[in-house]
file run17.cif (mmCIF, C-alpha atoms)
data_model
loop_
_atom_site.label_atom_id
_atom_site.label_comp_id
_atom_site.auth_asym_id
_atom_site.auth_seq_id
_atom_site.Cartn_x
_atom_site.Cartn_y
_atom_site.Cartn_z
CA MET Q 11 3.07 -7.25 -14.20
CA THR Q 12 -0.02 -7.47 -11.97
CA ILE Q 13 -1.13 -4.69 -9.65
CA LEU Q 14 -0.14 -6.88 -6.69
CA GLU Q 15 3.36 -7.30 -8.12
CA LYS Q 16 3.64 -3.55 -8.74
CA MET Q 17 2.54 -2.83 -5.17
CA LYS Q 18 5.09 -5.26 -3.74
CA GLU Q 19 7.84 -3.80 -5.93
CA LYS Q 20 7.11 -0.19 -4.83
CA CYS Q 21 6.91 -1.31 -1.22
CA ALA Q 22 10.29 -3.05 -1.33
CA ALA Q 23 11.91 -0.13 -3.17
CA ALA Q 24 10.74 2.19 -0.38
CA GLY Q 25 12.15 -0.10 2.32
CA TYR Q 26 8.78 -1.19 3.71
CA VAL Q 27 7.10 -4.60 3.83
CA PRO Q 28 3.59 -5.58 2.75
CA THR Q 29 1.01 -6.65 5.31
CA ALA Q 30 -1.37 -9.57 5.03
CA ASN Q 31 -3.91 -7.02 3.68
CA ILE Q 32 -2.00 -6.35 0.44
CA GLU Q 33 -3.84 -8.94 -1.68
CA LYS Q 34 -7.25 -7.57 -0.65
CA ILE Q 35 -6.14 -4.02 -1.48
CA ALA Q 36 -4.70 -5.14 -4.84
CA ARG Q 37 -8.04 -6.76 -5.73
CA ALA Q 38 -9.89 -3.56 -4.77
CA LYS Q 39 -7.51 -1.45 -6.88
CA THR Q 40 -8.04 -3.79 -9.84
CA MET Q 41 -11.83 -3.51 -9.59
CA MET Q 42 -11.96 0.23 -8.84
CA PHE Q 43 -9.14 1.70 -10.94
CA GLY Q 44 -7.55 -0.92 -13.18
CA ASP Q 45 -4.00 -0.77 -14.50
CA ALA Q 46 -4.14 2.85 -15.63
CA GLU Q 47 -4.61 4.30 -12.13
CA TRP Q 48 -3.51 1.38 -9.94
CA GLN Q 49 -1.58 3.57 -7.49
CA ARG Q 50 -4.71 5.39 -6.30
CA CYS Q 51 -5.82 4.69 -2.75
CA PRO Q 52 -9.07 2.66 -2.66
CA CYS Q 53 -9.70 3.92 0.88
CA ASP Q 54 -9.26 7.60 -0.06
CA GLY Q 55 -9.68 7.54 -3.85
CA ASN Q 56 -10.65 11.20 -4.24
CA ASN Q 57 -7.46 12.46 -2.57
CA ALA Q 58 -4.86 12.87 -5.33
CA ALA Q 59 -2.12 13.28 -2.70
CA ARG Q 60 -2.75 9.81 -1.27
CA TYR Q 61 -1.46 6.91 -3.37
CA CYS Q 62 0.90 3.96 -2.91
CA ILE Q 63 4.08 5.11 -1.16
CA SER Q 64 3.15 8.81 -1.50
CA GLU Q 65 4.37 11.29 1.09
CA LEU Q 66 1.06 10.82 2.93
CA CYS Q 67 1.51 7.06 2.85
CA ARG Q 68 5.09 7.33 4.12
CA SER Q 69 3.98 9.74 6.85
CA ASP Q 70 1.28 7.28 7.98
CA ILE Q 71 3.82 4.46 8.10
CA GLU Q 72 6.42 6.48 9.99
CA ASN Q 73 3.91 7.95 12.47
CA ASN Q 74 1.44 5.08 12.86
CA GLY Q 75 3.54 2.08 11.85
CA ILE Q 76 1.18 1.29 8.96
CA CYS Q 77 -0.31 3.08 5.96
CA HIS Q 78 -3.90 4.31 5.62
CA CYS Q 79 -5.03 1.12 3.81
CA ASN Q 80 -3.24 -1.19 6.27
CA CYS Q 81 -1.19 -2.42 3.33
CA TYR Q 82 2.42 -1.36 4.05
CA THR Q 83 4.37 -1.31 7.29
CA LYS Q 84 7.86 -0.83 8.63
CA ALA Q 85 10.12 -3.84 8.28
CA ASP Q 86 10.71 -3.98 12.04
CA SER Q 87 7.03 -3.67 13.02
CA LYS Q 88 6.01 -6.46 15.36
CA GLU Q 89 2.31 -5.54 15.76
CA VAL Q 90 1.33 -6.03 12.12
CA LYS Q 91 0.90 -9.36 10.36
CA LYS Q 92 3.19 -9.40 7.34
CA ALA Q 93 2.34 -10.89 3.95
CA GLU Q 94 3.73 -14.34 3.32
#
call {"tool": "encode", "arguments": {"input": "run17.cif", "output": "structure tokens"}}
result
Amino acid sequence: MTILEKMKEKCAAAGYVPTANIEKIARAKTMMFGDAEWQRCPCDGNNAARYCISELCRSDIENNGICHCNCYTKADSKEVKKAE
């Protein structure tokens, strides 16, 4: 399973939807962290509390409508371009 597929799976399991930015973030995760640490946040990689669908990520989505990396959003968000 690719990092992109893993990201999409976690996103769906949490009840969110990916944005058009998800492929770019998946490529960054692949280059920066690889499979072993794919969940780490490429935008805040030194913060162990921030990773895909972490409590910080969920808080960003619930409060701001989108996560820190602009990768995941609420399903009913109308302002954010969703992944195809």
call {"tool": "residues_around", "arguments": {"input": "run17.cif", "residues": "range 19-25 of chain Q", "least_positions_apart": "6", "cutoff": "12 Å", "atoms": "only C-alpha atoms", "output": "ChimeraX atom specification"}}
result
/Q:11-13,32,48-49,61-65,67-68,71-72,76-77,81-86,93
call {"tool": "atom_distance", "arguments": {"input": "run17.cif", "atom1": "CA of Thr29 in chain Q", "atom2": "CA of Ala46 in chain Q"}}
result
23.6 Å
call {"tool": "closest_residue", "arguments": {"input": "run17.cif", "among": "Q:Asn74, Q:Ser69, Q:Tyr26, Q:Cys79", "to": "Arg50 in chain Q", "atoms": "all atoms listed in the file"}}
result
Q:Cys79
call {"tool": "closest_residue", "arguments": {"input": "run17.cif", "among": "Q:Met42, Q:Asn73, Q:Ala59, Q:Asn80", "to": "Ala30 in chain Q", "atoms": "only C-alpha atoms"}}
result
Q:Asn80
call {"tool": "resolve_selection", "arguments": {"input": "run17.cif", "expression": "the PyMOL selection byres ((chain Q and resi 39) around 10)", "output": "list in words"}}
result
Ile13, Leu14, Glu33, Lys34, Ile35, Ala36, Arg37, Ala38, Thr40, Met41, Met42, Phe43, Gly44, Asp45, Glu47, Trp48, Gln49, Arg50, Cys51, Pro52, Cys53 and Gly55 of chain Q
